[in-house]
Protein chains: 2
Amino acid sequence: MAKNKAGEQTLAFLRVPIISTWGTVVGPMEGEGPLGDYFDKILDNNLYEGDKSWEESEQKMMQHSMELALEHAGMSSKDMEFYLAGDLLNQIIVANFTARFFDVPFLGVYGACSTLVEGLALGSTLICGEYADKVGVSVSSHHDTAERQLRFPTEQGVQRPMTAQWTVTGAGSYILGSSGSGIRITHATIGKIKDLGISDTNNMGTAMAPAAFDTIKANLQDLGRKVSDYDLIITGDLGILGLSVLKELMRAEGYVTDNVSDCGVLIYRPDQDTHSGGSGCGCSGVVLSYLLKQMVERRYLRIFLIGTGALLSPISAFQGESIPGIAHGVVLEYC
Amino acid sequence: MAKNKAGEQTLAFLRVPIISTWGTVVGPMEGEGPLGDYFDKILDNNLYEGDKSWEESEQKMMQHSMELALEHAGMSSKDMEFYLAGDLLNQIIVANFTARFFDVPFLGVYGACSTLVEGLALGSTLICGEYADKVGVSVSSHHDTAERQLRFPTEQGVQRPMTAQWTVTGAGSYILGSSGSGIRITHATIGKIKDLGISDTNNMGTAMAPAAFDTIKANLQDLGRKVSDYDLIITGDLGILGLSVLKELMRAEGYVTDNVSDCGVLIYRPDQDTHSGGSGCGCSGVVLSYLLKQMVERRYLRIFLIGTGALLSPISAFQGESIPGIAHGVVLEYC
């Protein structure tokens with residue numbers, strides 16, 4: 001087995017990738033949620049003043065979040081040696097258009113809501129493989145751009161079933177470095193596609209739960225760990241229903257689930273009426289910043305964050321295809 | 001500077017990633033082109049027998065190309081430690097659906113027609129960083145799925161301007177290994193977004209040529225090389241018009257261009273009436289197999305292959321946005 005691999009699916013980062021700084025921008029609804037105080041910038045409106053389209057505003061949010069991360073690090077964009085980014089829009093146009101402003105080597109990644117963790121994992125291989133000392137990672141989602149692309153235009157007022165998740169309006173950017181102190185990424189577990197035949201685009205949590213479980217099991221097996229070796233195992237984002245499915249799957253195979261949670265469950269209050277909680281690249285994209293702050297304050301010392309992606313497209317949904325799920329995880333440790 | 005970096009944009013692979021085997025599947029038109037004899041499988045029709053949609057057939061083509069690559073290597077899909085793939089369809093659904101059949105850790109990548117080279121570059125970092133000994137990379141495009149998504153349904157018979165390229169129906173899969181003999185990937189140069197404000201989706205070659213030139217210059221500067229240090233510098237895919245723009249840009253800055261070519265120019269005969277030549281992930285995706293065979297026969301010892309991506313989306317085009325271009329390159333050497 002290759003030297004820096006720990007088991008079948010897990011990469012071991014022997015040289016430290018440190019998450020040194022980050023920046024987050026969210027919409028008003030996310031700002032009013034329980035984690036509102038943790039985000040760097042809360043917009044008054046889902047549109048930036050003067051923007052003509054939600055797509056334009058989502059692009060600005062991603063850019064803005066990276067500008068905040070760079071500012072916190074005292075870096076200029078040119079100090080990023082590589083930039084990895086992705087989002088939910090067709091042809092990851094938000095990421096492409098954002099990279100236009102930074103003039104740095106850019107790699108586009110796509111894994112639906114697993115994109116953040118995919119970016120962190122690949123960014124870590126660049127740092128730990130000694131290809132770079134500073135790598136930037138950004139993701140975003142926007143309620144109105146995602147809904148009109150993947151489901152219905154929000155103006156249409158289609159009634160959402162209770163199984164539906166609410167796409168988060170948010171952007172998160174993270175800077176990985178080869179030195180310094182802070183939160184370290186020690187491992188990444190790369191997921192396999194799991195497809196249980198679910199084809200309801202309003203029930204993505206259930207479609208993704210088996211992939212999340214598979215990646216949790218792979219991580220525990222590859223590293224010889226138990227669930228309790230993590231202070232927190234957190235998916236992003238199964239939502240309320242998907243999390244309950246994941247916990248059921250885990251309990252059925254004898255795992256404890258006390259320390260298992262989900263970014264989509266944390267980001268909104270129950271009375272915000274999102275139905276099954278949050279989703280979208282931007283959900284784990286901004287909730288990670290909350291988790292990192294908890295780690296800095298030593299509330300958690302070791303977290304396993306699992307990004308979960310529902311790999312549907314409107315075309316595949318119209319053609320009656322099922323929704324394959326994928327989940328990638330990174331192990332975060334305070335050091 | 002990080003140890004395995006050679007200059008600002010170039011990764012140096014000191015440990016060998018070898019392209020050991022590959023598989024290609026093309027449509028009938030590509031089979032009739034000048035490189036037809038080099039492809040493993042030529043379909044009689046743009047649809048596999050019994051398929052109800054072009055999307056279904058494109059998925060089968062990608063899968064089929066990887067199955068051929070694995071067969072040539074005497075490997076099973078489970079021997080791939082990681083699988084990187086992408087395509088032109090929204091949410092890279094062809095790659096996601098193909099990965100469903102292989103049950104291996106999967107990473108989705110997107111860079112429009114630069115996706116092949118992005119996959120080869122990231123796959124090489126996994127091999128050379130000692131995260132894996134075998135990595136699979138696949139890309140595909142399909143004329144009819146791409147046209148109806150990005151321009152017009154082909155049944156509509158819209159007249160194509162002479163600047164338009166023809167999306168290749170083709171899929172290519174490559175297996176990178178940490179040992180063996182063959183063609184080695186020695187470097188990857190990761191591109192920056194270049195946007196000259198072109199917004200005509202039927203003139204993508206011109207939109208991408210500046211990005212290609214920028215990546216060529218970065219590679220030559222990072223490695224202290226001249227154009228003539230390569231037996232061939234080949235883009236994929238600027239097409240006929242884009243290649244002439246690239247050559248003009250190069251000549252204007254004093255570079256020779258005798259050994260500069262393009263995958264989109266090579267894949268069709270002029271009388272196949274494609275206008276400006278081929279495009280799509282599948283173009284460089286299958287033409288690379290021809291180039292590798294030329295290297296095995298020692299016609300070329302060192303090639304710089306540059307994947308060029310036009311990062312448009314139908315939404316961004318409708319909203320009047322320009323088309324950002326990107327280009328990533330890999331250096332291939334016979335060893």
# chains A, B, ... in the order shown; residues from 1 in each chain; ligands from 1
call {"tool": "interface_residues", "arguments": {"of": "chain B", "to": "chain A", "cutoff": "6 Å", "atoms": "only C-alpha atoms", "output": "compact mmCIF listing (two decimals) with C-alpha atoms, in the first residue's frame"}}
result
# COMPACT_ATOMS: atom_id res chain seq x y z
CA ALA B 2 7.46 23.79 -1.73
CA LYS B 3 9.83 20.95 -2.63
CA ASN B 4 7.78 19.44 -5.45
CA LYS B 5 6.93 22.68 -7.14
CA ASN B 90 -24.56 19.58 -15.81
CA GLN B 91 -23.47 18.23 -12.42
CA ARG B 100 -21.66 4.12 -9.57
CA ASP B 103 -17.36 0.89 -6.39
CA VAL B 104 -14.10 2.80 -5.88
CA PRO B 105 -13.29 6.08 -4.08
CA PHE B 106 -14.35 8.76 -6.54
CA GLY B 108 -15.43 14.56 -9.49
CA VAL B 109 -13.51 17.23 -11.40
CA TYR B 110 -14.68 19.94 -13.79
CA GLY B 111 -12.73 22.20 -16.10
CA GLY B 129 2.57 12.05 -3.21
CA GLU B 130 2.49 8.31 -2.35
CA TYR B 131 -1.24 8.30 -1.68
CA ALA B 132 -1.89 5.60 -4.29
CA ILE B 190 -2.00 24.55 -13.47
CA GLY B 191 -3.63 27.40 -15.34
CA LYS B 192 -5.13 30.70 -14.28
CA ILE B 193 -8.43 32.01 -15.59
CA SER B 313 -22.73 27.96 -18.76
call {"tool": "calpha_fit_and_write", "arguments": {"fixed": "chain A", "moving": "chain B", "output": "short mmCIF file (atom, residue, chain, number, x, y, z; two decimals) with C-alpha atoms, in the first residue's frame"}}
result
data_model
loop_
_atom_site.label_atom_id
_atom_site.label_comp_id
_atom_site.auth_asym_id
_atom_site.auth_seq_id
_atom_site.Cartn_x
_atom_site.Cartn_y
_atom_site.Cartn_z
CA MET B 1 -0.01 0.01 0.00
CA ALA B 2 1.20 3.52 -0.81
CA LYS B 3 3.06 5.14 2.08
CA ASN B 4 0.60 7.95 2.77
CA LYS B 5 -2.50 5.84 2.60
CA ALA B 6 -4.15 4.43 5.72
CA GLY B 7 -6.44 1.64 4.60
CA GLU B 8 -8.50 1.37 1.46
CA GLN B 9 -10.13 4.79 1.25
CA THR B 10 -8.16 7.01 3.63
CA LEU B 11 -5.30 9.39 2.88
CA ALA B 12 -2.96 10.12 5.79
CA PHE B 13 -1.42 13.57 5.91
CA LEU B 14 1.85 13.06 7.72
CA ARG B 15 2.99 16.59 6.92
CA VAL B 16 0.60 19.07 8.49
CA PRO B 17 -2.04 20.84 6.52
CA ILE B 18 -3.29 23.50 8.91
CA ILE B 19 -6.52 25.40 8.42
CA SER B 20 -5.15 28.75 9.38
CA THR B 21 -7.94 31.18 8.53
CA TRP B 22 -11.34 31.37 6.94
CA GLY B 23 -14.07 33.74 5.86
CA THR B 24 -17.84 33.29 5.65
CA VAL B 25 -20.71 35.26 4.11
CA VAL B 26 -24.36 34.25 4.63
CA GLY B 27 -27.84 35.43 3.71
CA PRO B 28 -30.26 37.02 6.18
CA MET B 29 -32.02 33.77 7.07
CA GLU B 30 -28.76 32.04 7.96
CA GLY B 31 -27.78 35.13 9.95
CA GLU B 32 -30.95 34.82 12.01
CA GLY B 33 -30.26 31.15 12.70
CA PRO B 34 -28.60 29.77 15.85
CA LEU B 35 -25.08 30.11 14.38
CA GLY B 36 -25.56 33.68 13.09
CA ASP B 37 -23.04 35.18 15.49
CA TYR B 38 -20.28 32.96 14.15
CA PHE B 39 -20.43 34.18 10.55
CA ASP B 40 -18.23 37.03 9.34
CA LYS B 41 -20.73 38.82 7.16
CA ILE B 42 -24.53 38.64 7.09
CA LEU B 43 -26.22 40.12 4.03
CA ASP B 44 -29.41 42.17 4.45
CA ASN B 45 -30.84 40.56 1.36
CA ASN B 46 -30.18 37.54 -0.86
CA LEU B 47 -29.00 40.06 -3.48
CA TYR B 48 -26.09 42.47 -3.12
CA GLU B 49 -27.23 46.02 -3.73
CA GLY B 50 -27.34 46.76 -7.44
CA ASP B 51 -27.08 43.14 -8.59
CA LYS B 52 -29.48 42.07 -11.31
CA SER B 53 -29.36 38.33 -10.70
CA TRP B 54 -28.97 35.92 -7.81
CA GLU B 55 -26.17 34.24 -9.77
CA GLU B 56 -24.22 37.51 -9.76
CA SER B 57 -24.71 37.80 -6.00
CA GLU B 58 -23.69 34.21 -5.31
CA GLN B 59 -20.47 34.89 -7.21
CA LYS B 60 -19.85 38.00 -5.09
CA MET B 61 -20.51 36.01 -1.91
CA MET B 62 -17.85 33.43 -2.77
CA GLN B 63 -15.36 36.12 -3.69
CA HIS B 64 -16.20 38.13 -0.59
CA SER B 65 -15.71 35.08 1.68
CA MET B 66 -12.24 34.47 0.24
CA GLU B 67 -11.34 38.15 0.52
CA LEU B 68 -12.30 37.98 4.22
CA ALA B 69 -10.22 34.81 4.71
CA LEU B 70 -7.23 36.46 3.02
CA GLU B 71 -7.71 39.60 5.10
CA HIS B 72 -7.79 37.55 8.32
CA ALA B 73 -4.56 35.87 7.23
CA GLY B 74 -2.91 39.13 6.17
CA MET B 75 -2.44 37.60 2.73
CA SER B 76 -3.11 38.82 -0.79
CA SER B 77 -4.84 36.53 -3.26
CA LYS B 78 -1.52 36.04 -5.08
CA ASP B 79 -0.17 34.32 -1.94
CA MET B 80 -2.53 31.40 -2.63
CA GLU B 81 -0.46 29.00 -4.69
CA PHE B 82 -3.49 27.02 -5.81
CA TYR B 83 -7.19 27.70 -5.55
CA LEU B 84 -9.78 24.90 -5.48
CA ALA B 85 -13.44 25.79 -5.61
CA GLY B 86 -16.85 24.51 -6.58
CA ASP B 87 -20.54 25.19 -6.21
CA LEU B 88 -23.93 23.80 -7.20
CA LEU B 89 -24.55 25.78 -10.36
CA ASN B 90 -24.19 24.22 -13.79
CA GLN B 91 -20.57 24.21 -14.95
CA ILE B 92 -19.61 25.44 -11.43
CA ILE B 93 -19.91 28.90 -12.87
CA VAL B 94 -19.73 30.65 -9.49
CA ALA B 95 -16.31 29.15 -8.80
CA ASN B 96 -15.05 29.81 -12.34
CA PHE B 97 -16.18 33.42 -12.27
CA THR B 98 -14.70 33.95 -8.80
CA ALA B 99 -11.33 32.52 -9.86
CA ARG B 100 -11.32 35.15 -12.60
CA PHE B 101 -10.72 37.79 -9.95
CA PHE B 102 -7.85 36.09 -8.14
CA ASP B 103 -5.31 35.41 -10.93
CA VAL B 104 -4.04 32.20 -9.30
CA PRO B 105 -3.75 28.61 -10.58
CA PHE B 106 -7.29 27.25 -10.29
CA LEU B 107 -8.78 23.76 -10.11
CA GLY B 108 -12.55 23.27 -10.31
CA VAL B 109 -14.07 20.48 -8.23
CA TYR B 110 -17.62 19.13 -8.06
CA GLY B 111 -19.25 16.78 -5.59
CA ALA B 112 -22.56 18.56 -4.91
CA CYS B 113 -22.68 19.23 -1.14
CA SER B 114 -19.51 17.17 -0.63
CA THR B 115 -17.55 19.77 -2.61
CA LEU B 116 -16.12 21.51 0.49
CA VAL B 117 -14.65 18.30 1.85
CA GLU B 118 -13.43 17.23 -1.61
CA GLY B 119 -11.64 20.58 -1.90
CA LEU B 120 -10.15 20.28 1.58
CA ALA B 121 -8.99 16.72 0.84
CA LEU B 122 -7.36 17.59 -2.49
CA GLY B 123 -5.92 20.80 -1.05
CA SER B 124 -4.40 18.74 1.77
CA THR B 125 -2.75 16.38 -0.72
CA LEU B 126 -1.15 19.41 -2.40
CA ILE B 127 0.16 20.73 0.93
CA CYS B 128 1.21 17.41 2.38
CA GLY B 129 2.70 16.23 -0.94
CA GLU B 130 4.92 19.35 -0.79
CA TYR B 131 3.42 20.86 -3.93
CA ALA B 132 2.38 24.05 -2.12
CA ASP B 133 2.56 25.92 1.18
CA LYS B 134 -0.72 27.83 0.83
CA VAL B 135 -3.90 26.58 -0.82
CA GLY B 136 -7.29 28.27 -0.86
CA VAL B 137 -10.61 26.40 -0.92
CA SER B 138 -14.03 28.00 -1.51
CA VAL B 139 -17.59 26.75 -1.86
CA SER B 140 -20.97 28.42 -2.05
CA SER B 141 -24.65 27.85 -2.54
CA HIS B 142 -27.57 30.26 -2.86
CA HIS B 143 -31.16 29.37 -2.13
CA ASP B 144 -32.67 31.10 -5.13
CA THR B 145 -30.07 30.11 -7.75
CA ALA B 146 -30.12 26.47 -6.66
CA GLU B 147 -33.89 26.15 -6.38
CA ARG B 148 -34.56 27.55 -9.83
CA GLN B 149 -31.88 25.38 -11.37
CA LEU B 150 -32.54 22.10 -9.56
CA ARG B 151 -36.24 22.29 -8.64
CA PHE B 152 -38.60 25.23 -9.22
CA PRO B 153 -38.10 29.01 -9.41
CA THR B 154 -38.80 30.32 -5.91
CA GLU B 155 -41.23 32.95 -7.29
CA GLN B 156 -43.47 30.09 -8.37
CA GLY B 157 -44.23 29.31 -4.73
CA VAL B 158 -44.38 25.54 -5.18
CA GLN B 159 -45.26 23.82 -1.91
CA ARG B 160 -42.27 21.98 -0.53
CA PRO B 161 -42.79 18.55 1.05
CA MET B 162 -41.70 18.07 4.67
CA THR B 163 -38.79 15.90 3.49
CA ALA B 164 -37.25 18.80 1.54
CA GLN B 165 -34.15 20.61 2.75
CA TRP B 166 -33.59 24.34 2.38
CA THR B 167 -30.61 25.33 0.25
CA VAL B 168 -28.39 27.56 2.36
CA THR B 169 -27.39 30.97 1.04
CA GLY B 170 -23.80 31.04 2.12
CA ALA B 171 -20.17 30.98 1.03
CA GLY B 172 -17.16 29.74 2.96
CA SER B 173 -13.47 30.03 2.14
CA TYR B 174 -10.61 28.33 3.94
CA ILE B 175 -6.86 28.70 3.67
CA LEU B 176 -4.72 25.62 4.17
CA GLY B 177 -1.09 26.11 5.11
CA SER B 178 2.01 23.98 5.58
CA SER B 179 3.01 25.61 8.86
CA GLY B 180 1.65 27.41 11.89
CA SER B 181 -0.62 26.25 14.67
CA GLY B 182 -4.34 25.73 14.61
CA ILE B 183 -6.60 23.01 13.37
CA ARG B 184 -4.90 20.22 11.49
CA ILE B 185 -6.38 17.98 8.80
CA THR B 186 -4.88 14.60 9.63
CA HIS B 187 -6.79 12.31 7.24
CA ALA B 188 -9.25 12.34 4.38
CA THR B 189 -11.54 9.42 3.58
CA ILE B 190 -12.66 9.46 -0.05
CA GLY B 191 -16.14 8.08 -0.60
CA LYS B 192 -17.62 5.63 -3.06
CA ILE B 193 -20.91 6.21 -4.85
CA LYS B 194 -23.86 4.63 -3.04
CA ASP B 195 -27.16 4.47 -4.84
CA LEU B 196 -30.21 3.02 -3.12
CA GLY B 197 -32.55 3.87 -5.95
CA ILE B 198 -34.18 6.96 -4.45
CA SER B 199 -35.31 9.35 -7.18
CA ASP B 200 -37.21 12.02 -5.18
CA THR B 201 -35.29 15.30 -5.48
CA ASN B 202 -37.13 16.48 -2.38
CA ASN B 203 -35.74 13.68 -0.24
CA MET B 204 -32.02 13.97 -0.71
CA GLY B 205 -31.11 13.33 2.92
CA THR B 206 -32.37 9.77 2.63
CA ALA B 207 -30.53 9.36 -0.69
CA MET B 208 -27.25 10.48 0.91
CA ALA B 209 -27.42 8.76 4.32
CA PRO B 210 -26.11 5.37 3.06
CA ALA B 211 -23.09 7.09 1.48
CA ALA B 212 -22.39 8.91 4.75
CA PHE B 213 -22.60 5.67 6.71
CA ASP B 214 -20.32 3.91 4.25
CA THR B 215 -17.65 6.63 4.58
CA ILE B 216 -17.91 6.63 8.38
CA LYS B 217 -17.41 2.86 8.43
CA ALA B 218 -14.49 3.12 5.99
CA ASN B 219 -12.82 5.76 8.15
CA LEU B 220 -13.25 3.80 11.38
CA GLN B 221 -11.97 0.63 9.73
CA ASP B 222 -9.04 2.28 7.92
CA LEU B 223 -7.84 4.01 11.09
CA GLY B 224 -8.83 1.28 13.57
CA ARG B 225 -11.04 3.73 15.43
CA LYS B 226 -14.39 3.67 17.22
CA VAL B 227 -17.14 6.28 16.95
CA SER B 228 -16.17 7.44 20.45
CA ASP B 229 -12.63 8.25 19.27
CA TYR B 230 -14.21 11.36 17.78
CA ASP B 231 -15.65 14.15 19.90
CA LEU B 232 -18.04 14.82 17.05
CA ILE B 233 -18.97 13.09 13.82
CA ILE B 234 -20.84 15.60 11.71
CA THR B 235 -22.31 15.26 8.26
CA GLY B 236 -22.93 18.14 5.87
CA ASP B 237 -25.72 17.92 5.05
CA LEU B 238 -28.25 15.20 5.54
CA GLY B 239 -30.81 17.41 7.24
CA ILE B 240 -33.17 16.26 9.96
CA LEU B 241 -34.64 13.31 8.10
CA GLY B 242 -31.34 12.15 6.60
CA LEU B 243 -29.61 12.35 9.99
CA SER B 244 -32.29 10.15 11.54
CA VAL B 245 -31.82 7.65 8.69
CA LEU B 246 -28.05 7.68 9.22
CA LYS B 247 -28.48 7.12 12.97
CA GLU B 248 -30.85 4.23 12.31
CA LEU B 249 -28.39 2.65 9.89
CA MET B 250 -25.61 3.07 12.46
CA ARG B 251 -27.63 1.66 15.36
CA ALA B 252 -28.70 -1.32 13.27
CA GLU B 253 -25.05 -2.28 12.98
CA GLY B 254 -24.32 -1.63 16.66
CA TYR B 255 -22.70 1.80 16.50
CA VAL B 256 -23.40 4.44 19.14
CA THR B 257 -24.72 7.71 17.74
CA ASP B 258 -24.62 10.16 20.70
CA ASN B 259 -21.92 12.29 19.09
CA VAL B 260 -23.35 12.26 15.56
CA SER B 261 -24.81 15.47 14.19
CA ASP B 262 -25.37 17.32 10.91
CA CYS B 263 -24.57 20.81 9.63
CA GLY B 264 -28.02 21.11 8.05
CA VAL B 265 -29.66 20.46 11.43
CA LEU B 266 -27.53 23.07 13.23
CA ILE B 267 -27.84 26.02 10.87
CA TYR B 268 -31.57 26.84 11.27
CA ARG B 269 -33.91 27.04 14.26
CA PRO B 270 -36.91 24.68 14.05
CA ASP B 271 -39.28 27.66 13.85
CA GLN B 272 -37.53 28.96 10.74
CA ASP B 273 -39.73 26.49 8.89
CA THR B 274 -37.13 24.98 6.58
CA HIS B 275 -38.77 21.56 6.89
CA SER B 276 -35.85 19.09 6.95
CA GLY B 277 -33.02 21.59 7.64
CA GLY B 278 -30.29 23.08 5.49
CA SER B 279 -28.42 21.79 2.47
CA GLY B 280 -26.12 23.03 -0.28
CA CYS B 281 -22.34 23.42 -0.53
CA GLY B 282 -22.67 26.61 1.49
CA CYS B 283 -24.19 24.78 4.46
CA SER B 284 -21.13 22.77 5.51
CA GLY B 285 -19.20 25.62 3.87
CA VAL B 286 -20.16 28.04 6.63
CA VAL B 287 -20.92 25.64 9.51
CA LEU B 288 -17.29 24.44 9.37
CA SER B 289 -16.23 27.91 10.54
CA TYR B 290 -18.41 27.45 13.64
CA LEU B 291 -16.89 24.00 14.25
CA LEU B 292 -13.36 25.37 13.91
CA LYS B 293 -14.12 28.07 16.47
CA GLN B 294 -15.39 25.38 18.84
CA MET B 295 -12.08 23.55 18.33
CA VAL B 296 -10.01 26.67 18.94
CA GLU B 297 -11.89 27.01 22.23
CA ARG B 298 -11.14 23.33 22.89
CA ARG B 299 -14.77 22.25 23.07
CA TYR B 300 -13.87 19.57 20.55
CA LEU B 301 -10.40 18.15 19.99
CA ARG B 302 -11.13 15.74 17.16
CA ILE B 303 -13.96 16.00 14.64
CA PHE B 304 -14.80 13.86 11.62
CA LEU B 305 -16.56 16.10 9.09
CA ILE B 306 -18.33 14.24 6.28
CA GLY B 307 -19.48 16.18 3.21
CA THR B 308 -22.41 14.41 1.60
CA GLY B 309 -23.37 14.94 -2.03
CA ALA B 310 -26.59 14.05 -3.85
CA LEU B 311 -25.34 13.63 -7.40
CA LEU B 312 -28.50 14.43 -9.30
CA SER B 313 -29.04 16.71 -12.25
CA PRO B 314 -32.39 18.03 -13.51
CA ILE B 315 -31.85 16.04 -16.73
CA SER B 316 -31.17 12.80 -14.87
CA ALA B 317 -34.19 13.42 -12.63
CA PHE B 318 -36.46 14.06 -15.64
CA GLN B 319 -35.14 10.89 -17.24
CA GLY B 320 -36.26 8.96 -14.13
CA GLU B 321 -32.78 8.14 -12.89
CA SER B 322 -32.09 7.58 -9.20
CA ILE B 323 -29.90 9.88 -7.11
CA PRO B 324 -26.43 8.49 -6.43
CA GLY B 325 -24.97 9.69 -3.13
CA ILE B 326 -21.35 10.27 -2.19
CA ALA B 327 -19.61 11.27 1.03
CA HIS B 328 -16.05 12.38 1.64
CA GLY B 329 -14.67 12.97 5.13
CA VAL B 330 -11.81 14.89 6.73
CA VAL B 331 -10.48 14.39 10.23
CA LEU B 332 -9.86 17.68 12.02
CA GLU B 333 -7.65 17.81 15.11
CA TYR B 334 -6.67 20.57 17.44
CA CYS B 335 -2.88 20.77 17.65
#
call {"tool": "select_by_dssp", "arguments": {"residues": "stretch 13-116 of chain A", "states": "strand (DSSP E or B)", "output": "compact mmCIF listing (two decimals) with C-alpha atoms, in the first residue's frame"}}
result
# COMPACT_ATOMS: atom_id res chain seq x y z
CA ILE A 18 -3.28 23.51 8.91
CA ILE A 19 -6.52 25.40 8.42
CA SER A 20 -5.15 28.75 9.40
CA THR A 21 -7.94 31.18 8.52
CA TRP A 22 -11.33 31.37 6.93
CA GLY A 23 -14.07 33.74 5.85
CA THR A 24 -17.85 33.30 5.65
CA VAL A 25 -20.70 35.27 4.11
CA VAL A 26 -24.35 34.26 4.62
CA LYS A 41 -20.73 38.83 7.15
CA ILE A 42 -24.52 38.64 7.08
CA PHE A 82 -3.49 27.02 -5.81
CA TYR A 83 -7.19 27.70 -5.56
CA LEU A 84 -9.77 24.91 -5.49
CA ALA A 85 -13.44 25.79 -5.62
CA GLY A 86 -16.84 24.51 -6.60
CA ASP A 87 -20.53 25.19 -6.22
CA PHE A 106 -7.28 27.25 -10.29
CA LEU A 107 -8.78 23.75 -10.11
CA GLY A 108 -12.54 23.26 -10.32
CA VAL A 109 -14.07 20.49 -8.23
CA GLY A 111 -19.25 16.79 -5.60
CA CYS A 113 -22.67 19.24 -1.13
